[in-house]
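What follows is target.txt (compact mmCIF, C-alpha atoms).
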```
# COMPACT_ATOMS: atom_id res chain seq x y z
CA MET O 182 29.69 -23.62 4.81
CA THR O 183 27.37 -24.17 7.76
CA GLN O 184 25.03 -21.31 8.59
CA SER O 185 23.81 -20.66 12.12
CA TYR O 186 20.18 -19.57 12.47
CA PRO O 187 19.63 -18.44 16.06
CA PHE O 188 15.93 -17.59 15.66
CA THR O 189 13.54 -20.56 15.76
CA LEU O 190 10.24 -20.38 17.62
CA ASP O 191 9.44 -23.16 20.04
CA ALA O 192 6.37 -25.24 19.15
CA ASN O 193 4.76 -24.10 22.42
CA PHE O 194 5.46 -20.39 21.86
CA SER O 195 3.71 -18.36 24.61
CA ASN O 196 1.32 -21.19 25.51
CA ASP O 197 1.64 -20.33 29.19
CA ARG O 198 -0.06 -16.94 28.73
CA ILE O 199 -2.17 -17.41 25.63
CA ALA O 200 -5.57 -17.65 27.39
CA ASP O 201 -5.00 -14.35 29.19
CA LEU O 202 -3.84 -12.70 25.98
CA HIS O 203 -6.99 -13.82 24.17
CA SER O 204 -9.23 -12.41 26.91
CA GLU O 205 -7.40 -9.09 26.83
CA PHE O 206 -7.46 -8.93 23.03
CA ILE O 207 -11.19 -9.48 22.55
CA SER O 208 -12.23 -7.02 25.27
CA ALA O 209 -9.78 -4.18 24.46
CA LYS O 210 -10.86 -0.66 23.46
CA PRO O 211 -11.01 1.29 21.17
CA PHE O 212 -10.59 -1.82 18.99
CA GLN O 213 -9.35 -5.34 19.58
CA HIS O 214 -5.68 -5.38 20.51
CA VAL O 215 -3.14 -6.54 23.06
CA ALA O 216 0.28 -5.19 24.04
CA ILE O 217 2.70 -7.90 25.21
CA ASP O 218 5.92 -7.18 27.07
CA ASN O 219 8.87 -9.59 26.95
CA PHE O 220 7.30 -10.99 23.80
CA LEU O 221 10.26 -12.95 22.47
CA SER O 222 12.97 -14.71 24.39
CA PRO O 223 15.71 -12.26 25.45
CA GLU O 224 18.12 -13.98 23.05
CA HIS O 225 15.75 -13.63 20.09
CA ALA O 226 14.96 -9.99 20.81
CA GLN O 227 18.65 -9.15 21.17
CA PHE O 228 19.48 -10.99 17.95
CA LEU O 229 16.88 -8.95 16.02
CA SER O 230 18.16 -5.73 17.55
CA ASP O 231 21.81 -6.52 16.83
CA THR O 232 21.17 -7.47 13.20
CA PHE O 233 18.50 -4.86 12.35
CA PRO O 234 19.51 -2.94 9.17
CA LYS O 235 21.12 0.46 9.74
CA PRO O 236 19.52 3.57 8.19
CA ASP O 237 22.06 3.56 5.34
CA HIS O 238 21.37 -0.08 4.40
CA PRO O 239 20.29 -0.51 0.73
CA ILE O 240 17.09 -2.32 1.79
CA TRP O 241 15.31 0.98 2.50
CA LEU O 242 13.25 3.03 0.06
CA ASP O 243 14.00 6.77 -0.12
CA TRP O 244 11.58 8.28 2.40
CA LYS O 245 12.13 11.78 0.96
CA LYS O 246 10.22 10.71 -2.16
CA ARG O 247 7.30 9.07 -0.37
CA SER O 248 4.62 10.92 1.67
CA PRO O 249 4.29 13.83 4.13
CA SER O 250 2.03 11.52 6.17
CA TYR O 251 5.02 9.38 7.12
CA TYR O 252 7.90 11.82 7.18
CA GLY O 253 11.21 10.17 8.10
CA LYS O 254 9.83 6.62 7.84
CA LEU O 255 12.08 3.98 6.29
CA GLY O 256 10.58 0.80 4.86
CA PRO O 257 11.48 -1.72 2.17
CA GLY O 258 8.04 -1.61 0.49
CA ASN O 259 7.92 -5.40 0.12
CA SER O 260 10.22 -8.41 0.06
CA SER O 261 11.79 -7.68 -3.34
CA LYS O 262 15.08 -6.62 -1.73
CA PHE O 263 15.14 -9.11 1.14
CA HIS O 264 18.09 -10.81 -0.56
CA LEU O 265 20.14 -7.84 0.71
CA LEU O 266 19.43 -8.73 4.35
CA GLU O 267 21.69 -10.87 6.50
CA PRO O 268 20.54 -14.48 5.94
CA GLU O 269 19.91 -15.05 9.64
CA PHE O 270 17.76 -11.93 9.93
CA LYS O 271 15.79 -12.88 6.83
CA PHE O 272 15.20 -16.33 8.31
CA ALA O 273 13.79 -14.69 11.45
CA LEU O 274 11.26 -12.77 9.35
CA TYR O 275 10.26 -16.02 7.64
CA GLU O 276 9.90 -17.73 11.02
CA LEU O 277 7.31 -15.10 11.98
CA ASN O 278 5.25 -16.37 9.03
CA SER O 279 5.50 -19.98 10.26
CA SER O 280 2.70 -22.32 11.35
CA VAL O 281 3.80 -21.99 14.98
CA PHE O 282 3.33 -18.22 14.92
CA LEU O 283 0.09 -18.41 12.92
CA GLN O 284 -1.40 -20.83 15.46
CA PHE O 285 -0.43 -18.47 18.27
CA LEU O 286 -2.13 -15.54 16.48
CA GLU O 287 -5.27 -17.56 15.73
CA THR O 288 -5.66 -18.42 19.40
CA VAL O 289 -5.02 -14.88 20.62
CA SER O 290 -7.36 -13.25 18.10
CA GLY O 291 -10.01 -15.93 17.68
CA ILE O 292 -9.62 -15.60 13.89
CA ASP O 293 -8.96 -18.94 12.27
CA LYS O 294 -7.38 -19.91 8.95
CA LEU O 295 -4.88 -17.04 9.00
CA LEU O 296 -2.48 -16.69 6.11
CA PRO O 297 0.96 -15.04 6.04
CA ASP O 298 2.06 -12.66 3.31
CA PRO O 299 5.20 -14.04 1.60
CA HIS O 300 5.65 -10.68 -0.14
CA TYR O 301 5.57 -8.63 3.11
CA GLN O 302 3.62 -5.94 1.26
CA GLY O 303 4.02 -2.65 3.15
CA GLY O 304 5.70 -4.38 6.07
CA GLY O 305 8.62 -6.52 7.18
CA ILE O 306 10.70 -3.86 8.91
CA HIS O 307 10.27 -0.15 9.64
CA GLN O 308 12.62 2.51 10.98
CA ILE O 309 11.79 6.11 11.94
CA LEU O 310 14.50 8.77 11.77
CA HIS O 311 14.79 11.84 14.00
CA GLY O 312 11.71 14.05 13.55
CA GLY O 313 9.74 11.25 11.90
CA ILE O 314 6.00 10.73 12.22
CA LEU O 315 3.24 8.40 11.07
CA ASP O 316 -0.15 10.09 10.67
CA ILE O 317 -3.21 8.46 12.20
CA HIS O 318 -4.71 6.10 9.62
CA THR O 319 -6.40 2.83 8.85
CA ASP O 320 -4.51 0.37 6.68
CA PHE O 321 -5.26 -1.16 3.31
CA ASN O 322 -6.87 -4.52 4.01
CA THR O 323 -7.20 -6.03 0.55
CA HIS O 324 -4.06 -7.64 -0.86
CA THR O 325 -4.70 -7.48 -4.60
CA ARG O 326 -1.64 -9.51 -5.61
CA LEU O 327 -2.91 -12.55 -3.68
CA ASP O 328 -6.63 -11.70 -3.46
CA ILE O 329 -6.67 -12.13 0.33
CA PHE O 330 -8.01 -9.96 3.15
CA ARG O 331 -5.99 -8.47 5.99
CA GLN O 332 -7.11 -9.18 9.54
CA LEU O 333 -4.20 -8.61 11.94
CA ASN O 334 -1.18 -6.37 12.40
CA VAL O 335 1.75 -7.41 14.57
CA ILE O 336 4.40 -4.84 15.57
CA ILE O 337 7.49 -5.89 17.53
CA TYR O 338 9.52 -2.96 18.86
CA LEU O 339 13.31 -3.14 19.02
CA ASN O 340 14.17 0.12 20.78
CA GLU O 341 16.73 -0.67 23.45
CA GLN O 342 16.82 2.98 24.47
CA TRP O 343 13.51 4.74 25.02
CA GLU O 344 12.32 7.45 27.37
CA PRO O 345 9.21 9.66 27.28
CA ALA O 346 11.10 12.62 25.81
CA TYR O 347 11.77 10.54 22.69
CA GLY O 348 8.07 10.42 21.78
CA GLY O 349 6.93 8.10 19.01
CA GLU O 350 4.25 6.35 21.08
CA LEU O 351 1.75 4.26 19.14
CA GLU O 352 -1.66 5.96 19.47
CA LEU O 353 -4.96 4.10 19.15
CA TRP O 354 -7.92 6.35 18.24
CA ASP O 355 -11.61 5.71 18.68
CA ALA O 356 -12.87 7.21 15.39
CA ALA O 357 -11.94 9.17 12.29
CA LEU O 358 -10.73 12.72 12.86
CA ALA O 359 -13.76 14.10 10.96
CA ASP O 360 -16.04 12.25 13.38
CA GLY O 361 -14.41 13.70 16.49
CA GLY O 362 -11.94 10.88 16.97
CA LYS O 363 -9.38 11.10 19.74
CA CYS O 364 -6.50 9.12 21.17
CA VAL O 365 -7.81 6.55 23.64
CA LYS O 366 -4.60 4.65 24.31
CA SER O 367 -0.91 5.52 23.93
CA ILE O 368 1.62 2.67 23.86
CA PRO O 369 5.35 3.41 24.26
CA PRO O 370 7.53 1.51 21.74
CA LEU O 371 9.54 -0.36 24.37
CA PHE O 372 12.14 -2.98 23.57
CA ASN O 373 10.68 -6.47 22.99
CA ARG O 374 7.10 -5.20 23.30
CA ALA O 375 4.65 -6.53 20.70
CA VAL O 376 1.32 -5.03 19.78
CA ILE O 377 -1.23 -7.22 18.01
CA PHE O 378 -4.40 -5.59 16.72
CA LYS O 379 -7.40 -6.26 14.52
CA THR O 380 -6.95 -4.44 11.22
CA ASP O 381 -10.08 -2.90 9.73
CA LYS O 382 -11.52 0.46 8.76
CA THR O 383 -12.13 1.38 12.42
CA SER O 384 -8.60 0.63 13.69
CA PHE O 385 -7.23 4.19 13.61
CA HIS O 386 -3.59 4.20 14.69
CA GLY O 387 -0.22 5.86 14.13
CA HIS O 388 2.40 7.95 15.93
CA PRO O 389 1.71 11.61 15.11
CA GLN O 390 4.10 12.69 17.87
CA GLU O 391 7.60 13.11 16.44
CA TRP O 392 10.41 10.69 17.17
CA LEU O 393 12.88 12.94 19.00
CA ALA O 394 15.56 10.56 20.23
CA PRO O 395 19.02 12.01 19.61
CA PRO O 396 20.65 10.58 16.46
CA PRO O 397 21.73 7.94 15.73
CA ILE O 398 18.94 6.39 17.85
CA THR O 399 16.04 5.42 15.57
CA ARG O 400 12.58 3.95 16.20
CA ARG O 401 12.85 0.35 14.99
CA SER O 402 10.17 -2.29 14.55
CA ILE O 403 9.25 -5.54 12.86
CA ALA O 404 5.88 -5.09 11.11
CA LEU O 405 3.87 -8.13 10.02
CA TYR O 406 0.41 -8.49 8.51
CA TYR O 407 -1.84 -11.55 8.43
CA TYR O 408 -4.78 -12.37 6.17
CA THR O 409 -7.65 -14.72 5.47
CA ALA O 410 -8.82 -16.09 2.13
CA ARG O 411 -12.33 -14.83 2.87
CA LYS O 412 -13.83 -11.55 3.97
CA LEU O 413 -15.17 -11.55 7.52
CA ASP O 414 -18.82 -10.58 7.90
CA GLY O 415 -19.51 -6.98 8.85
CA PHE O 416 -16.17 -5.51 7.76
CA GLU O 417 -15.26 -3.18 4.90
CA TYR O 418 -12.29 -4.06 2.70
CA THR O 419 -10.37 -1.61 0.49
CA THR O 420 -6.94 -1.12 -1.02
CA LEU O 421 -6.61 2.35 0.55
CA THR O 422 -4.54 3.60 3.48
CA ASP O 423 -6.79 6.28 4.96
CA PHE O 424 -4.59 9.00 6.46
CA GLN O 425 -6.55 11.34 8.73
CA GLY O 426 -4.52 14.54 8.49
CA VAL O 427 -3.76 14.66 12.21
CA ARG O 428 -0.09 15.30 11.43
CA SER O 429 2.07 15.67 8.35
CA LYS O 430 5.40 17.31 7.57
CA GLU O 431 6.66 18.77 4.34
CA LEU O 432 9.19 16.55 2.64
CA PRO O 433 12.68 17.94 2.02
CA LYS O 434 13.14 19.61 -1.36
CA SER O 435 15.40 17.58 -3.66
```

What does the file become when written as C-alpha cells?
Amino acid sequence: MTQSYPFTLDANFSNDRIADLHSEFISAKPFQHVAIDNFLSPEHAQFLSDTFPKPDHPIWLDWKKRSPSYYGKLGPGNSSKFHLLEPEFKFALYELNSSVFLQFLETVSGIDKLLPDPHYQGGGIHQILHGGILDIHTDFNTHTRLDIFRQLNVIIYLNEQWEPAYGGELELWDAALADGGKCVKSIPPLFNRAVIFKTDKTSFHGHPQEWLAPPPITRRSIALYYYTARKLDGFEYTTLTDFQGVRSKELPKS
C-alpha cells in the first residue's frame, strides 16, 4: 500500500528571510529568541493541525500524576509511544529533525554543529487543557542518555482559534523570581507561529496565565529541542528543570 507523506521541507526552507531572522535572534531581549509568523507553508501547518492527537489519544501521559507546575499539560514524555501516532504525523516530526531544518536553525542562531534528539526527550508535542498552566522555568540542558548539551528550543503553535481572553501567552522573563525577575515579553500562541530561543539557565519562560479557551479548544504545540556534542563556553549545564514558583495548581485527587 502506498503511503502519502504531505510534509516535506523544501531544501531552501525560509532562505528568503533567514538573514533578518538571524539579526533579530541575536539582538533579542531578555535572551536570544525570534518569533516567526507564517512559519510553515499553509498546507503544512493545516496538516499538522488536522492530524494533531486529540486529548484522549493514548500517546499522552496522565497529567494528573505529574506536577503542579504544569497543571493540565499533556505530553508524551519521549518518543517511546510514537508508534501510536498517525504515520504521516510521525514523519512530520522526523522531518523537523532533518538536515534541512538543522541548517536553517544553525543559520538563524549562529550555533553550528547542531544535533537533533531522536528520542524527543520532554518534547515532540504538547497540549494544554482548560485551566492549564506552565510555571516559569529554565529547562534541563544536559541529555544524559546521549551525553549531549541542549542549545535551542523550537515551539510551533497550532491554535487555529485564539483570542486574548484565552490566555496561555508564552512569557519571557529577565531573571529568576528570587532575583526580582519579571515578564519582559509576552507572545500569543497564534496558529503557525514559531518561537525559537536559546536554551540555558537564564532563559526563563513559561505560561503562568491559565489557558481559558472554552473546551474542547486546547493549546497545541510542536516542541523540539536541539543540542551540540560540546558545551558552549560560559554556559551552565544541568539535568534540572528549574521551576520558579510563579504559578502552580493543586493536582486533582485520585

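Distances to Phe220 of chain O were evaluated for O:His386, O:Arg374, O:His300, O:Arg401 using all atoms listed in the file, and the minimum falls at O:Arg374.
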
*asked:* Give me, as a ChimeraX atom specification, all polymer residues having an atom no more than 8 Å from segment 409-417 of chain O, counting all atoms listed in the file and skipping those fewer than 5 positions away in the same chain.
replied: /O:294-296,328-332,381-382

*Residues at most 9 Å from Asp218 of chain O, counting all atoms listed in the file, excluding those fewer than 6 positions away in the same chain, as a PyMOL selection string?*
chain O and resi 371-376

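Interatomic distance, atom CA of Glu352 of chain O against atom CA of His318 of chain O: 10.3 Å.
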
*Select, counting only C-alpha atoms, all protein, DNA and RNA residues no farther than 9 Å from (1.0, -21.9, 9.5) in file coordinates, and express the selection as number ranges by chain.*
O: 278-284, 294-297

For C-alpha atoms, I'd like the residues from the last selection saved as a JSON list (two decimals), in the coordinates of the input.
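Output file result.json follows:
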```json
[["chain", "number", "residue", "atom", "x", "y", "z"],
["O", 278, "ASN", "CA", 5.25, -16.37, 9.03],
["O", 279, "SER", "CA", 5.50, -19.98, 10.26],
["O", 280, "SER", "CA", 2.70, -22.32, 11.35],
["O", 281, "VAL", "CA", 3.80, -21.99, 14.98],
["O", 282, "PHE", "CA", 3.33, -18.22, 14.92],
["O", 283, "LEU", "CA", 0.09, -18.41, 12.92],
["O", 284, "GLN", "CA", -1.40, -20.83, 15.46],
["O", 294, "LYS", "CA", -7.38, -19.91, 8.95],
["O", 295, "LEU", "CA", -4.88, -17.04, 9.00],
["O", 296, "LEU", "CA", -2.48, -16.69, 6.11],
["O", 297, "PRO", "CA", 0.96, -15.04, 6.04]]
```

*asked:* Residues within 12 Å of (20.3, -11.3, 7.8), file coordinates, counting all atoms listed in the file: what are they? Give the list as a PyMOL selection string.
replied: chain O and resi 184-188+228-235+238+240+262-275

*With all atoms listed in the file as the atoms that count, which of O:Ala216, O:Leu286, O:Ala209, O:Leu310 lies nearest to Gly253 of chain O?*
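Residue with the minimum atom-to-atom distance to Gly253 of chain O: O:Leu310.
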
*Selected residue, from O:Gly348, O:Pro257, O:Pro396, O:Pro369, that lies nearest to Ile314 of chain O when counting all atoms listed in the file*: O:Gly348

*Would you mind reading off the distance between atom CA of Thr325 of chain O and atom CA of Trp244 of chain O, one decimal, in Å?*
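Result for atom CA of Thr325 of chain O versus atom CA of Trp244 of chain O: 23.7 Å, one decimal.
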
_Please report the interatomic distance between atom CA of Glu431 of chain O and atom CA of Ser384 of chain O in Å with one decimal._
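One can read the atom CA of Glu431 of chain O to atom CA of Ser384 of chain O distance as 25.5 Å.
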
*In terms of the shortest atom-to-atom distance over only C-alpha atoms, which of O:Asn334, O:Pro299, O:Leu358, O:Val289 is closest to Glu276 of chain O?*
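Selected residue with least distance to Glu276 of chain O: O:Pro299.
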
*Within 7 Å of Pro249 of chain O, counting all atoms listed in the file, which residues show up once you throw out same-chain ones fewer than 4 positions away? Write them as a list in words, please.*
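That gives Ser429, Lys430, Glu431 and Leu432 of chain O.
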
Residues as selected, C-alpha atoms, written as a PDB file, in the coordinates of the input, can you do that?
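Below is the file out_9.pdb, written as the result:
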```pdb
ATOM      1  CA  SER O 429       2.070  15.670   8.350  1.00  0.00           C
ATOM      2  CA  LYS O 430       5.400  17.310   7.570  1.00  0.00           C
ATOM      3  CA  GLU O 431       6.660  18.770   4.340  1.00  0.00           C
ATOM      4  CA  LEU O 432       9.190  16.550   2.640  1.00  0.00           C
TER       5      LEU O 432
END
```

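The environment of Thr319 of chain O within 10 Å, counting only C-alpha atoms and disregarding residues fewer than 5 places along the same chain, consists of Ala357, Thr380, Asp381, Lys382, Thr383, Ser384, Phe385, His386, Gly387, Leu421, Thr422, Asp423, Phe424 and Gln425 of chain O.
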
Find the axis-aligned box for segment 403-412 of chain O, covering all its listed atoms and adding 5 Å on each side, and write its centre and edge lengths in Å to one decimal as JSON.
```
{"center_x": -2.3, "center_y": -10.6, "center_z": 7.5, "size_x": 33.1, "size_y": 21.0, "size_z": 20.7}
```

_Near-Asp355 of chain O list (7 Å; only C-alpha atoms; drop same-chain fewer than 6 positions) as a PyMOL selection string_ = chain O and resi 211+362-365+385

Selected residues written out with C-alpha atoms, as a JSON list (two decimals), in the frame of the given file:
```json
[["chain", "number", "residue", "atom", "x", "y", "z"],
["O", 211, "PRO", "CA", -11.01, 1.29, 21.17],
["O", 362, "GLY", "CA", -11.94, 10.88, 16.97],
["O", 363, "LYS", "CA", -9.38, 11.10, 19.74],
["O", 364, "CYS", "CA", -6.50, 9.12, 21.17],
["O", 365, "VAL", "CA", -7.81, 6.55, 23.64],
["O", 385, "PHE", "CA", -7.23, 4.19, 13.61]]
```

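Residue nearest Leu221 of chain O, chosen from O:Ile292, O:Ile317, O:Leu190, O:Leu242 and counting all atoms listed in the file: O:Leu190.
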
*Which residue out of O:Gly313, O:Asn322, O:Thr288, O:Glu341 has the minimum interatomic distance to Asn196 of chain O when all atoms listed in the file are used?*
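Closest to Asn196 of chain O of all the choices is O:Thr288.
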